[in-house]
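Source file: my_file.txt (compact mmCIF, C-alpha atoms and all ligand atoms)
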# COMPACT_ATOMS: atom_id res chain seq x y z
CA MET A 285 9.75 27.07 -12.25
CA ILE A 286 7.76 27.57 -9.05
CA ARG A 287 9.89 27.47 -5.93
CA PHE A 288 8.73 26.28 -2.54
CA PRO A 289 10.77 26.64 0.64
CA SER A 290 13.33 23.84 0.73
CA ASP A 291 12.41 22.59 4.19
CA ILE A 292 8.71 22.06 3.54
CA LYS A 293 6.98 18.90 4.80
CA VAL A 294 3.86 17.22 3.45
CA VAL A 295 2.01 15.33 6.15
CA LYS A 296 -0.67 12.75 5.57
CA PHE A 297 -2.89 11.46 8.35
CA GLY A 298 -4.66 8.12 7.96
CA GLY A 299 -8.23 7.39 8.99
CA SER A 300 -7.28 5.97 12.39
CA SER A 301 -5.44 9.25 13.13
CA LEU A 302 -8.59 11.26 12.41
CA ALA A 303 -11.28 8.98 13.77
CA ASP A 304 -12.58 11.32 16.49
CA ALA A 305 -12.06 14.67 18.22
CA GLY A 306 -9.35 13.27 20.51
CA HIS A 307 -7.29 12.26 17.48
CA PHE A 308 -7.85 15.64 15.81
CA ARG A 309 -6.28 17.23 18.88
CA LYS A 310 -3.22 15.01 18.58
CA VAL A 311 -2.96 15.94 14.90
CA LYS A 312 -3.09 19.65 15.73
CA SER A 313 -0.33 19.39 18.29
CA ILE A 314 1.84 17.53 15.74
CA ILE A 315 1.25 20.27 13.15
CA ASP A 316 1.75 23.07 15.67
CA ALA A 317 5.03 21.54 16.83
CA ASP A 318 6.69 22.12 13.45
CA PRO A 319 5.89 25.15 11.24
CA THR A 320 7.43 23.44 8.20
CA ARG A 321 4.50 20.98 8.19
CA ALA A 322 2.81 23.10 5.56
CA TYR A 323 0.49 20.85 3.58
CA VAL A 324 -1.75 18.34 5.30
CA VAL A 325 -3.54 15.47 3.54
CA PRO A 326 -6.33 13.84 5.57
CA SER A 327 -8.13 10.51 5.06
CA ALA A 328 -11.75 10.03 6.02
CA PRO A 329 -12.48 9.11 9.66
CA GLY A 330 -11.53 5.49 10.33
CA ARG A 331 -12.63 3.03 13.01
CA ARG A 332 -12.73 4.30 16.60
CA ASN A 333 -12.76 0.77 18.00
CA ASP A 334 -12.94 -2.86 16.84
CA GLY A 335 -16.67 -2.96 16.14
CA ASP A 336 -16.76 0.43 14.44
CA GLU A 337 -17.07 1.24 10.73
CA LYS A 338 -14.94 3.43 8.49
CA VAL A 339 -16.82 6.41 7.08
CA THR A 340 -15.68 5.42 3.56
CA ASP A 341 -17.37 2.02 3.98
CA LEU A 342 -20.57 3.73 5.12
CA LEU A 343 -20.44 5.98 2.06
CA TYR A 344 -20.06 3.00 -0.28
CA GLU A 345 -23.00 1.40 1.51
CA CYS A 346 -25.09 4.54 0.98
CA PHE A 347 -24.22 4.54 -2.68
CA ARG A 348 -25.28 0.88 -3.06
CA MET A 349 -28.57 1.58 -1.30
CA ALA A 350 -29.26 4.66 -3.40
CA GLU A 351 -28.62 2.62 -6.55
CA ARG A 352 -31.23 0.11 -5.47
CA ALA A 353 -33.61 2.96 -4.62
CA GLU A 354 -33.50 1.97 -0.92
CA ASP A 355 -33.90 4.51 1.86
CA ILE A 356 -30.42 5.87 2.73
CA ASP A 357 -31.54 8.09 5.63
CA GLY A 358 -30.37 5.75 8.44
CA VAL A 359 -26.84 5.14 7.13
CA PHE A 360 -26.45 8.72 5.92
CA SER A 361 -27.29 10.17 9.32
CA ARG A 362 -24.70 7.88 10.95
CA ILE A 363 -22.12 9.45 8.65
CA CYS A 364 -23.23 13.00 9.54
CA GLU A 365 -23.13 12.10 13.25
CA ARG A 366 -19.49 11.06 12.92
CA TYR A 367 -18.57 14.52 11.63
CA ASP A 368 -20.86 16.39 13.99
CA ASP A 369 -19.32 14.54 16.95
CA ILE A 370 -15.87 15.67 15.85
CA ILE A 371 -17.04 19.27 15.37
CA SER A 372 -18.72 19.46 18.75
CA GLY A 373 -15.85 17.55 20.46
CA LEU A 374 -13.47 20.24 19.20
CA GLY A 375 -15.85 23.06 20.05
CA LEU A 376 -15.69 24.40 16.49
CA ASP A 377 -18.09 26.96 15.14
CA LEU A 378 -18.83 25.04 11.96
CA ASP A 379 -22.13 23.90 10.51
CA LEU A 380 -21.92 21.29 7.76
CA SER A 381 -25.67 20.75 7.36
CA GLY A 382 -25.74 22.50 3.95
CA GLU A 383 -22.91 20.21 2.77
CA TYR A 384 -24.75 17.11 4.04
CA GLU A 385 -27.91 18.12 2.22
CA HIS A 386 -26.07 18.69 -1.01
CA ILE A 387 -24.18 15.37 -0.79
CA LYS A 388 -27.34 13.45 -0.02
CA TRP A 389 -29.15 15.09 -2.89
CA ALA A 390 -26.26 14.27 -5.24
CA MET A 391 -26.21 10.64 -4.10
CA LEU A 392 -29.92 10.32 -4.76
CA HIS A 393 -29.37 11.84 -8.19
CA HIS A 394 -26.75 9.36 -9.37
CA ALA A 395 -23.63 11.37 -8.67
CA GLY A 396 -21.53 8.21 -8.92
CA ARG A 397 -19.74 5.75 -6.67
CA ASP A 398 -16.44 7.65 -6.59
CA TYR A 399 -18.18 10.90 -5.77
CA ALA A 400 -19.94 9.21 -2.84
CA ALA A 401 -16.70 7.68 -1.49
CA SER A 402 -14.73 10.90 -1.88
CA ARG A 403 -17.02 12.87 0.42
CA GLY A 404 -15.41 11.16 3.44
CA GLU A 405 -12.11 12.94 2.80
CA TYR A 406 -13.82 16.12 1.60
CA LEU A 407 -15.81 16.64 4.82
CA ASN A 408 -12.90 15.65 7.04
CA GLY A 409 -10.74 18.14 5.13
CA LEU A 410 -13.23 20.96 5.76
CA ILE A 411 -13.16 20.29 9.50
CA LEU A 412 -9.41 19.88 9.71
CA ALA A 413 -8.75 23.07 7.72
CA ARG A 414 -11.00 25.07 10.04
CA TYR A 415 -9.46 23.49 13.14
CA LEU A 416 -5.87 24.13 12.04
CA GLY A 417 -6.61 27.55 10.56
CA PHE A 418 -5.24 26.37 7.19
CA ASP A 419 -6.70 26.97 3.72
CA PHE A 420 -8.96 24.25 2.36
CA ILE A 421 -7.84 23.20 -1.12
CA ASP A 422 -10.09 20.85 -3.06
CA PRO A 423 -7.96 18.30 -4.96
CA SER A 424 -10.51 18.09 -7.78
CA CYS A 425 -8.94 21.23 -9.26
CA MET A 426 -5.45 19.75 -9.42
CA VAL A 427 -5.40 15.95 -9.07
CA LYS A 428 -6.31 14.85 -12.60
CA PHE A 429 -7.18 11.62 -14.34
CA PHE A 430 -7.31 10.82 -18.06
CA ASP A 431 -10.58 9.93 -19.78
CA ASN A 432 -9.71 6.24 -19.46
CA GLY A 433 -9.51 6.62 -15.67
CA THR A 434 -5.72 6.38 -15.30
CA PHE A 435 -3.89 8.97 -13.27
CA ASP A 436 -2.40 11.94 -15.19
CA SER A 437 0.77 12.42 -13.17
CA GLU A 438 2.38 15.19 -15.19
CA LEU A 439 -0.64 17.49 -15.46
CA THR A 440 -1.31 16.89 -11.76
CA ASN A 441 2.26 17.76 -10.86
CA THR A 442 2.07 21.06 -12.72
CA LEU A 443 -1.35 21.99 -11.36
CA ILE A 444 -0.48 21.20 -7.74
CA GLY A 445 2.65 23.33 -8.07
CA GLU A 446 0.65 26.24 -9.48
CA VAL A 447 -2.20 26.03 -6.98
CA LEU A 448 -0.13 25.47 -3.84
CA SER A 449 2.29 28.27 -4.69
CA LYS A 450 -0.61 30.56 -3.77
CA HIS A 451 -1.11 28.98 -0.34
CA LYS A 452 1.48 29.10 2.43
CA ASN A 453 -0.25 26.16 4.03
CA GLY A 454 -3.29 24.09 3.30
CA VAL A 455 -5.41 21.02 3.89
CA ILE A 456 -5.84 18.90 0.76
CA PRO A 457 -8.25 15.98 1.16
CA GLY A 458 -6.73 12.68 0.04
CA PHE A 459 -8.05 9.86 -2.16
CA TYR A 460 -9.70 11.76 -5.03
CA GLY A 461 -9.34 14.08 -7.96
CA SER A 462 -11.32 14.65 -11.12
CA MET A 463 -11.74 13.50 -14.70
CA PRO A 464 -11.37 15.86 -17.68
CA ASN A 465 -15.16 16.39 -17.65
CA GLY A 466 -15.05 17.38 -13.98
CA THR A 467 -16.60 14.27 -12.44
CA ILE A 468 -14.96 13.00 -9.28
CA LYS A 469 -12.63 10.03 -9.52
CA THR A 470 -10.91 8.23 -6.64
CA PHE A 471 -7.72 6.21 -6.41
CA SER A 472 -8.06 2.64 -5.16
CA ARG A 473 -8.75 2.00 -1.48
CA GLY A 474 -6.17 3.51 0.85
CA GLY A 475 -5.43 6.09 -1.85
CA SER A 476 -4.86 9.08 0.42
CA ASP A 477 -1.31 7.78 0.69
CA ILE A 478 -1.01 8.44 -3.04
CA THR A 479 -2.35 12.00 -2.73
CA GLY A 480 0.24 12.71 -0.02
CA SER A 481 2.99 11.35 -2.21
CA ILE A 482 2.04 13.35 -5.31
CA VAL A 483 1.69 16.55 -3.29
CA ALA A 484 5.14 15.91 -1.78
CA ARG A 485 6.59 15.45 -5.25
CA ALA A 486 4.92 18.60 -6.63
CA VAL A 487 6.24 20.90 -3.89
CA LEU A 488 9.58 19.05 -3.73
CA ALA A 489 9.07 18.45 -0.05
CA GLU A 490 12.02 17.80 2.18
CA ILE A 491 10.09 14.87 3.59
CA TYR A 492 6.74 13.13 3.23
CA GLU A 493 5.43 12.23 6.67
CA ASN A 494 2.82 9.51 6.69
CA TRP A 495 1.13 9.41 10.09
CA THR A 496 -0.70 6.25 11.04
CA ASP A 497 -1.36 4.11 14.12
CA VAL A 498 1.82 2.01 14.21
CA ASP A 499 5.35 2.94 15.24
CA GLY A 500 6.70 2.23 11.78
CA PHE A 501 7.33 -0.57 9.38
CA LEU A 502 7.89 -3.88 11.14
CA SER A 503 10.48 -6.47 10.23
CA ALA A 504 7.85 -9.26 10.24
CA ASP A 505 4.11 -9.69 10.45
CA PRO A 506 3.11 -9.15 14.12
CA ARG A 507 0.37 -11.77 13.69
CA ILE A 508 3.10 -14.35 13.08
CA VAL A 509 6.07 -13.12 15.09
CA GLU A 510 5.59 -11.73 18.56
CA ASN A 511 6.72 -8.13 18.89
CA PRO A 512 8.84 -7.91 15.72
CA LYS A 513 11.60 -5.34 15.59
CA LYS A 514 10.77 -1.98 14.05
CA ILE A 515 12.65 -1.04 10.91
CA GLN A 516 14.47 2.27 11.30
CA TYR A 517 15.68 2.68 7.71
CA ILE A 518 14.49 0.90 4.61
CA THR A 519 15.15 1.60 0.94
CA TYR A 520 12.35 1.97 -1.60
CA ARG A 521 13.52 -1.23 -3.28
CA GLU A 522 13.42 -3.22 -0.06
CA LEU A 523 10.03 -1.80 0.71
CA ARG A 524 8.74 -2.89 -2.70
CA GLU A 525 9.98 -6.43 -2.08
CA LEU A 526 8.43 -6.63 1.37
CA SER A 527 5.14 -5.00 0.36
CA TYR A 528 4.87 -7.22 -2.68
CA MET A 529 5.17 -10.21 -0.39
CA GLY A 530 2.41 -9.03 1.89
CA ALA A 531 3.76 -6.48 4.36
CA SER A 532 1.69 -3.32 4.21
CA VAL A 533 1.70 0.13 5.74
CA LEU A 534 1.77 2.32 2.68
CA HIS A 535 -0.28 2.03 -0.53
CA GLU A 536 1.95 0.50 -3.24
CA ASP A 537 1.30 3.29 -5.73
CA ALA A 538 2.36 5.88 -3.16
CA ILE A 539 5.98 4.86 -3.48
CA PHE A 540 6.58 5.88 -7.09
CA PRO A 541 6.04 9.69 -7.03
CA VAL A 542 8.32 10.29 -4.05
CA ARG A 543 10.86 7.72 -5.14
CA PHE A 544 11.02 9.44 -8.50
CA ALA A 545 11.73 12.77 -6.79
CA GLY A 546 14.10 11.29 -4.19
CA ILE A 547 11.93 12.41 -1.27
CA PRO A 548 12.17 10.30 1.89
CA VAL A 549 8.98 8.99 3.46
CA ASN A 550 8.73 8.91 7.22
CA ILE A 551 6.11 6.54 8.66
CA ARG A 552 5.06 7.92 12.07
CA ASN A 553 2.61 7.09 14.83
CA THR A 554 0.06 9.80 15.70
CA ASN A 555 -0.36 8.21 19.12
CA SER A 556 3.35 8.32 19.94
CA PRO A 557 4.83 11.28 18.06
CA GLU A 558 8.05 11.03 20.06
CA GLU A 559 8.91 7.82 18.17
CA PRO A 560 11.11 8.44 15.10
CA GLY A 561 9.19 5.85 13.02
CA THR A 562 10.56 4.33 9.83
CA MET A 563 12.48 6.27 7.19
CA ILE A 564 12.02 5.09 3.61
CA VAL A 565 14.91 6.38 1.52
CA SER A 566 16.63 5.83 -1.83
CA GLN A 567 19.89 4.81 -0.29
CA THR A 568 21.35 4.57 3.15
CA ASP A 569 24.60 3.59 4.79
CA TYR A 570 22.73 2.70 7.93
CA THR A 571 23.32 -0.81 9.17
CA ASP A 572 21.31 -2.33 11.94
CA PRO A 573 23.79 -3.44 14.60
CA ASP A 574 21.59 -6.43 15.46
CA THR A 575 20.89 -8.01 12.10
CA VAL A 576 21.98 -8.23 8.51
CA ILE A 577 18.48 -8.37 7.08
CA THR A 578 15.80 -5.71 6.88
CA GLY A 579 12.68 -7.82 7.07
CA ILE A 580 10.80 -11.01 6.34
CA ALA A 581 7.46 -11.23 4.56
CA GLY A 582 5.50 -13.82 2.72
CA HIS A 583 2.19 -15.39 2.00
CA ARG A 584 0.37 -18.52 1.09
CA GLY A 585 -1.65 -19.36 -1.97
CA PHE A 586 0.86 -20.11 -4.74
CA SER A 587 0.99 -23.00 -7.22
CA ILE A 588 3.93 -24.55 -9.07
CA VAL A 589 3.63 -25.59 -12.68
CA THR A 590 6.41 -28.17 -13.25
CA ILE A 591 7.35 -29.08 -16.81
CA GLU A 592 9.89 -31.81 -17.50
CA LYS A 593 11.50 -32.74 -20.77
CA ALA A 594 14.76 -34.53 -21.48
CA MET A 595 17.30 -32.26 -23.22
CA MET A 596 15.15 -29.20 -22.53
CA ASN A 597 18.24 -27.07 -22.05
CA SER A 598 19.26 -27.44 -25.69
CA GLU A 599 15.82 -26.64 -27.09
CA THR A 600 15.83 -23.00 -28.16
CA GLY A 601 12.62 -21.10 -27.40
CA PHE A 602 11.31 -23.61 -24.86
CA GLY A 603 10.89 -21.04 -22.08
CA ARG A 604 9.36 -18.47 -24.38
CA LYS A 605 6.71 -20.92 -25.61
CA VAL A 606 5.76 -21.86 -22.05
CA LEU A 607 5.57 -18.26 -20.93
CA GLU A 608 3.56 -17.32 -24.00
CA VAL A 609 0.84 -19.71 -22.89
CA ILE A 610 0.80 -18.15 -19.42
CA GLU A 611 0.69 -14.68 -20.96
CA GLN A 612 -2.13 -15.57 -23.32
CA GLU A 613 -4.17 -16.69 -20.32
CA GLY A 614 -3.70 -13.19 -18.91
CA ILE A 615 -1.63 -14.39 -15.95
CA SER A 616 1.60 -12.83 -14.75
CA PHE A 617 4.07 -15.28 -13.27
CA GLU A 618 5.81 -14.80 -9.94
CA HIS A 619 9.02 -16.83 -10.20
CA LEU A 620 10.80 -19.14 -12.59
CA PRO A 621 13.13 -21.50 -10.72
CA SER A 622 14.49 -24.00 -13.23
CA GLY A 623 16.74 -27.05 -13.59
CA ILE A 624 18.53 -28.65 -16.55
CA ASP A 625 15.54 -30.64 -17.77
CA THR A 626 12.88 -28.98 -15.60
CA MET A 627 11.19 -25.64 -15.77
CA CYS A 628 8.97 -24.43 -12.95
CA VAL A 629 6.61 -21.50 -13.14
CA ILE A 630 5.17 -20.15 -9.91
CA LEU A 631 1.76 -18.53 -10.12
CA LYS A 632 -0.87 -17.31 -7.71
CA THR A 633 -3.36 -20.17 -7.23
CA GLU A 634 -6.29 -17.76 -7.57
CA ALA A 635 -5.12 -16.96 -11.11
CA LEU A 636 -5.84 -20.55 -12.13
CA ASP A 637 -9.61 -20.51 -11.68
CA SER A 638 -12.33 -20.68 -14.31
CA GLY A 639 -10.84 -23.49 -16.34
CA LYS A 640 -7.40 -21.92 -16.75
CA ARG A 641 -5.66 -24.76 -14.94
CA GLU A 642 -6.64 -27.40 -17.51
CA ARG A 643 -6.24 -25.02 -20.43
CA ILE A 644 -2.70 -24.12 -19.39
CA LYS A 645 -1.73 -27.78 -19.16
CA ASP A 646 -3.22 -28.60 -22.57
CA ARG A 647 -1.69 -25.62 -24.28
CA ILE A 648 1.77 -26.16 -22.80
CA CYS A 649 1.59 -29.81 -23.96
CA LYS A 650 0.77 -28.64 -27.47
CA ALA A 651 3.42 -25.91 -27.43
CA VAL A 652 6.46 -27.86 -26.14
CA ASP A 653 5.45 -31.54 -26.00
CA PRO A 654 6.91 -32.16 -22.52
CA ASP A 655 7.59 -35.58 -20.93
CA SER A 656 5.42 -34.53 -18.00
CA ILE A 657 3.56 -31.53 -16.65
CA SER A 658 1.92 -31.06 -13.28
CA ILE A 659 0.39 -28.24 -11.27
CA GLU A 660 0.77 -28.45 -7.51
CA ASP A 661 -1.05 -26.09 -5.14
CA GLY A 662 -0.40 -25.27 -1.51
CA LEU A 663 2.86 -23.37 -1.76
CA ALA A 664 3.78 -20.48 0.53
CA LEU A 665 6.58 -18.10 -0.34
CA ILE A 666 8.79 -16.39 2.22
CA ALA A 667 11.08 -13.52 1.24
CA VAL A 668 14.05 -12.58 3.37
CA VAL A 669 14.97 -9.05 2.30
CA GLY A 670 17.98 -6.89 3.08
CA ARG A 671 20.28 -4.48 1.25
CA ASN A 672 23.16 -5.55 3.50
CA MET A 673 22.96 -9.23 2.57
CA VAL A 674 25.24 -8.49 -0.38
CA LYS A 675 28.11 -7.77 1.97
CA ALA A 676 27.43 -10.56 4.45
CA LYS A 677 28.56 -14.11 3.86
CA GLY A 678 26.42 -17.05 4.88
CA THR A 679 22.98 -15.43 4.82
CA ALA A 680 21.49 -18.11 2.59
CA PHE A 681 23.06 -20.76 4.80
CA ARG A 682 21.40 -19.22 7.85
CA VAL A 683 18.00 -19.14 6.12
CA PHE A 684 18.28 -22.82 5.18
CA LYS A 685 19.62 -23.77 8.61
CA ALA A 686 16.67 -22.06 10.32
CA VAL A 687 14.18 -23.87 8.10
CA ALA A 688 15.96 -27.20 8.59
CA GLU A 689 15.99 -26.72 12.35
CA ALA A 690 12.24 -26.31 12.21
CA GLU A 691 12.20 -29.68 10.34
CA ILE A 692 10.62 -28.10 7.31
CA ASN A 693 11.28 -29.07 3.74
CA ILE A 694 12.17 -26.26 1.30
CA LYS A 695 10.34 -26.81 -1.98
CA MET A 696 11.84 -23.93 -3.93
CA ILE A 697 14.67 -21.41 -3.72
CA ASP A 698 15.08 -18.18 -5.66
CA GLN A 699 17.75 -15.55 -5.25
CA GLY A 700 18.21 -12.72 -7.71
CA SER A 701 21.73 -11.64 -8.58
CA SER A 702 21.05 -8.28 -6.93
CA GLU A 703 21.14 -10.26 -3.67
CA LEU A 704 18.46 -8.05 -2.23
CA ASN A 705 16.36 -11.02 -1.27
CA ILE A 706 16.23 -14.76 -0.87
CA ILE A 707 12.88 -16.33 -1.55
CA ILE A 708 12.01 -19.80 -0.42
CA GLY A 709 8.89 -21.86 -1.00
CA VAL A 710 7.48 -24.15 1.68
CA GLU A 711 4.21 -25.99 2.07
CA ASP A 712 1.32 -23.80 3.21
CA LYS A 713 1.08 -25.67 6.49
CA ASP A 714 4.71 -24.86 7.33
CA PHE A 715 4.50 -21.15 6.54
CA ILE A 716 4.16 -19.79 10.07
CA LYS A 717 6.68 -22.16 11.65
CA ALA A 718 9.27 -21.45 8.95
CA THR A 719 8.79 -17.66 9.21
CA ARG A 720 9.22 -17.77 12.99
CA SER A 721 12.32 -19.90 12.76
CA ILE A 722 13.95 -17.58 10.19
CA TYR A 723 13.04 -14.59 12.33
CA ARG A 724 14.65 -16.19 15.41
CA GLU A 725 17.79 -16.92 13.45
CA PHE A 726 18.27 -13.31 12.34
CA TYR A 727 16.89 -11.43 15.32
CA LYS A 728 18.06 -13.80 18.07
CA GLN A 729 14.75 -13.79 19.92
N1 LIG A 801 -10.78 6.62 2.85
C1 LIG A 801 -10.25 5.83 1.79
C2 LIG A 801 -10.28 4.36 2.18
O1 LIG A 801 -10.78 4.02 3.23
C3 LIG A 801 -8.88 6.26 1.39
C4 LIG A 801 -7.84 6.28 2.48
O2 LIG A 801 -8.15 6.18 3.66
O3 LIG A 801 -6.66 6.40 2.15
O4 LIG A 801 -9.85 3.56 1.41

For this file, produce the structure as structure tokens.
Ligand code: ASP
Amino acid sequence: MIRFPSDIKVVKFGGSSLADAGHFRKVKSIIDADPTRAYVVPSAPGRRNDGDEKVTDLLYECFRMAERAEDIDGVFSRICERYDDIISGLGLDLDLSGEYEHIKWAMLHHAGRDYAASRGEYLNGLILARYLGFDFIDPSCMVKFFDNGTFDSELTNTLIGEVLSKHKNGVIPGFYGSMPNGTIKTFSRGGSDITGSIVARAVLAEIYENWTDVDGFLSADPRIVENPKKIQYITYRELRELSYMGASVLHEDAIFPVRFAGIPVNIRNTNSPEEPGTMIVSQTDYTDPDTVITGIAGHRGFSIVTIEKAMMNSETGFGRKVLEVIEQEGISFEHLPSGIDTMCVILKTEALDSGKRERIKDRICKAVDPDSISIEDGLALIAVVGRNMVKAKGTAFRVFKAVAEAEINIKMIDQGSSELNIIIGVEDKDFIKATRSIYREFYKQ
């Protein structure tokens, strides 16, 4: 087995942390401050200001234009300017014109959409490696996908271990790898987070630092709650619950590799490196002195399918038959709150388009012959999440009290026996008011 030093860190920088020369300087001082920050995973340059474009978006645009045989010169030179500005802003002796020419040629010769998108990280990686004095390591030789396009985690893990054991430090561009035939393949958008996570797993890093432009994971959506409290410690499971319900900082698929290896993730802010950020861990004894919950998240756009039938509870197979219909329509359900003679299935409203709504009703009628069936839209779900809720009495009461105080009707309640979360459903129009009221209750704003 290949051994790496036990205190090694893998550090990923997002696009906003590498948008221009000024940000590159901040990144260098972060790397220089800690020699255990050995492997660096960059994204492509992000937006420098509100009206700006991400380089990845420009690359997708170029690809679309090339496909339609349109002239890509204008957009392509904007991309090259972004990199040249960084190079000259840093005073580097680096000329990427040969790379640009090759990439442009490849785009005009049908090199593929993923190839085009991946060049954002590739070029940024070349610059960052030169600037830091680290080796440049192209992920296409070690991040591998199967022929069907799914990620080959085990082969990748072995290859990264083998390749990186030959480099004391290195810059590994995020977001892409290669197929068995060598063509470039990317993860989904935001996928550099995944690269960072799989590199961290392969070298058994002490920590995976994910540097971005916020001080950490917030306990509520800042567009809904003013200045929400930062989360200092969160478990992977809590993070999954909150991300699933709409909170986002880290790509969902980035959680699994590090979670599997028990490596903590530290979300940090490149613009305020003195902040400790958020630690994502398997387990923690940490309790926030101010609140029993870890966070609140939610979103609108759910529908409730309500099926009623007298004596339903004694009819064996009722639930299975209903769920079979949903499954056969290719829909995955979100929640199943049920009563004695009522079964409710909560689905995303968008999953009910293209005739599925009527088909589901008809097929459920045929399958279980209910007394009534209805589908109601306009539901918002709010999840109150916290590992410490298990120990605290009265959390559910406080959630309901907060919603009642806001004079809002709760349409649905769901609490798993793990007591990691309480989920309530309210009408879409009440979503913001209910979230704010719950937040006030638990964070005493
Ligand atoms: N540059 C890619 C994107 O914009 C990947 C990433 O930034 O993680 O989606």

Test item: residues no farther than 6 Å from ligand LIG 801 (chain A), counting all atoms listed in the file, as a list in words:
Gly298, Gly299, Ser327, Ala328, Thr340, Phe459, Arg473, Gly474, Gly475, Ser476 and Asp477 of chain A

Within 6 Å of (-14.8, 16.8, 16.9) (file coordinates; all atoms listed in the file), which protein or nucleic acid residues are there? I'd like them as a list in words.
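All residues meeting the 6 Å criterion around (-14.8, 16.8, 16.9) are Asp304, Ala305, Asp369, Ile370, Ile371, Ser372, Gly373 and Leu374 of chain A.
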
Take the residues from that selection and put them in a file with C-alpha atoms, as a PDB file, in the frame of the given file.
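Saved result, result12.pdb, follows:
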ATOM      1  CA  ASP A 304     -12.580  11.320  16.490  1.00  0.00           C
ATOM      2  CA  ALA A 305     -12.060  14.670  18.220  1.00  0.00           C
ATOM      3  CA  ASP A 369     -19.320  14.540  16.950  1.00  0.00           C
ATOM      4  CA  ILE A 370     -15.870  15.670  15.850  1.00  0.00           C
ATOM      5  CA  ILE A 371     -17.040  19.270  15.370  1.00  0.00           C
ATOM      6  CA  SER A 372     -18.720  19.460  18.750  1.00  0.00           C
ATOM      7  CA  GLY A 373     -15.850  17.550  20.460  1.00  0.00           C
ATOM      8  CA  LEU A 374     -13.470  20.240  19.200  1.00  0.00           C
TER       9      LEU A 374
END

Contacts between segment 693-703 of chain A and segment 580-612 of chain A, please, where a residue of segment 580-612 of chain A counts if it comes within 12 Å (with only C-alpha atoms); show its shortest atom pair and distance in Å to one decimal, rows by chain and ascending number, as JSON lines.
{"residue": "A:Phe586", "atom": "CA", "partner": "A:Met696", "partner_atom": "CA", "distance": 11.7}
{"residue": "A:Ser587", "atom": "CA", "partner": "A:Lys695", "partner_atom": "CA", "distance": 11.4}
{"residue": "A:Ile588", "atom": "CA", "partner": "A:Met696", "partner_atom": "CA", "distance": 9.5}
{"residue": "A:Thr590", "atom": "CA", "partner": "A:Met696", "partner_atom": "CA", "distance": 11.6}

Would you mind reading off the distance between atom CA of Lys675 of chain A and atom CA of Gln567 of chain A, one decimal, in Å?
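Here the two named atoms are 15.2 Å from each other.
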
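Distance annotation: of A:Gly466, A:Pro319, A:Gly409, A:Pro560, the residue with the minimal separation from Val498 of chain A is A:Pro560; atom set is only C-alpha atoms.
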
Taking 4 positions as the minimum chain separation for residues in the same chain, which residues sit within 12 Å of Asp655 of chain A when counting all atoms listed in the file? Answer as a PyMOL selection string.
chain A and resi 590-596+625-627+648-650

Grab the atom CA of Phe308 of chain A to atom CA of Leu378 of chain A distance for me, in Å with one decimal place.
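Taking atom CA of Phe308 of chain A as the start and atom CA of Leu378 of chain A as the end point, the length is 15.0 Å.
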
Taking 4 positions as the minimum chain separation for residues in the same chain, which residues sit within 12 Å of segment 390-393 of chain A when counting only C-alpha atoms? Answer as a list in words.
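Counting only C-alpha atoms, the residues come to Leu343, Tyr344, Glu345, Cys346, Phe347, Arg348, Met349, Ala350, Glu351, Arg352, Ala353, Glu354, Asp355, Ile356, Asp357, Phe360, Glu383, Tyr384, Glu385, His386, Arg397, Asp398, Tyr399, Ala400, Ala401, Ser402 and Arg403 of chain A.
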
Compile the contact shell of Ile580 of chain A as a PDB file with C-alpha atoms, keeping the file's coordinate frame: residues with an atom at most 8 Å away, counting only C-alpha atoms, same-chain residues fewer than 3 positions apart removed.
ATOM      1  CA  SER A 503      10.480  -6.470  10.230  1.00  0.00           C
ATOM      2  CA  ALA A 504       7.850  -9.260  10.240  1.00  0.00           C
ATOM      3  CA  ASP A 505       4.110  -9.690  10.450  1.00  0.00           C
ATOM      4  CA  LEU A 526       8.430  -6.630   1.370  1.00  0.00           C
ATOM      5  CA  ILE A 666       8.790 -16.390   2.220  1.00  0.00           C
ATOM      6  CA  ALA A 667      11.080 -13.520   1.240  1.00  0.00           C
ATOM      7  CA  VAL A 668      14.050 -12.580   3.370  1.00  0.00           C
ATOM      8  CA  VAL A 669      14.970  -9.050   2.300  1.00  0.00           C
ATOM      9  CA  THR A 719       8.790 -17.660   9.210  1.00  0.00           C
ATOM     10  CA  TYR A 723      13.040 -14.590  12.330  1.00  0.00           C
TER      11      TYR A 723
END
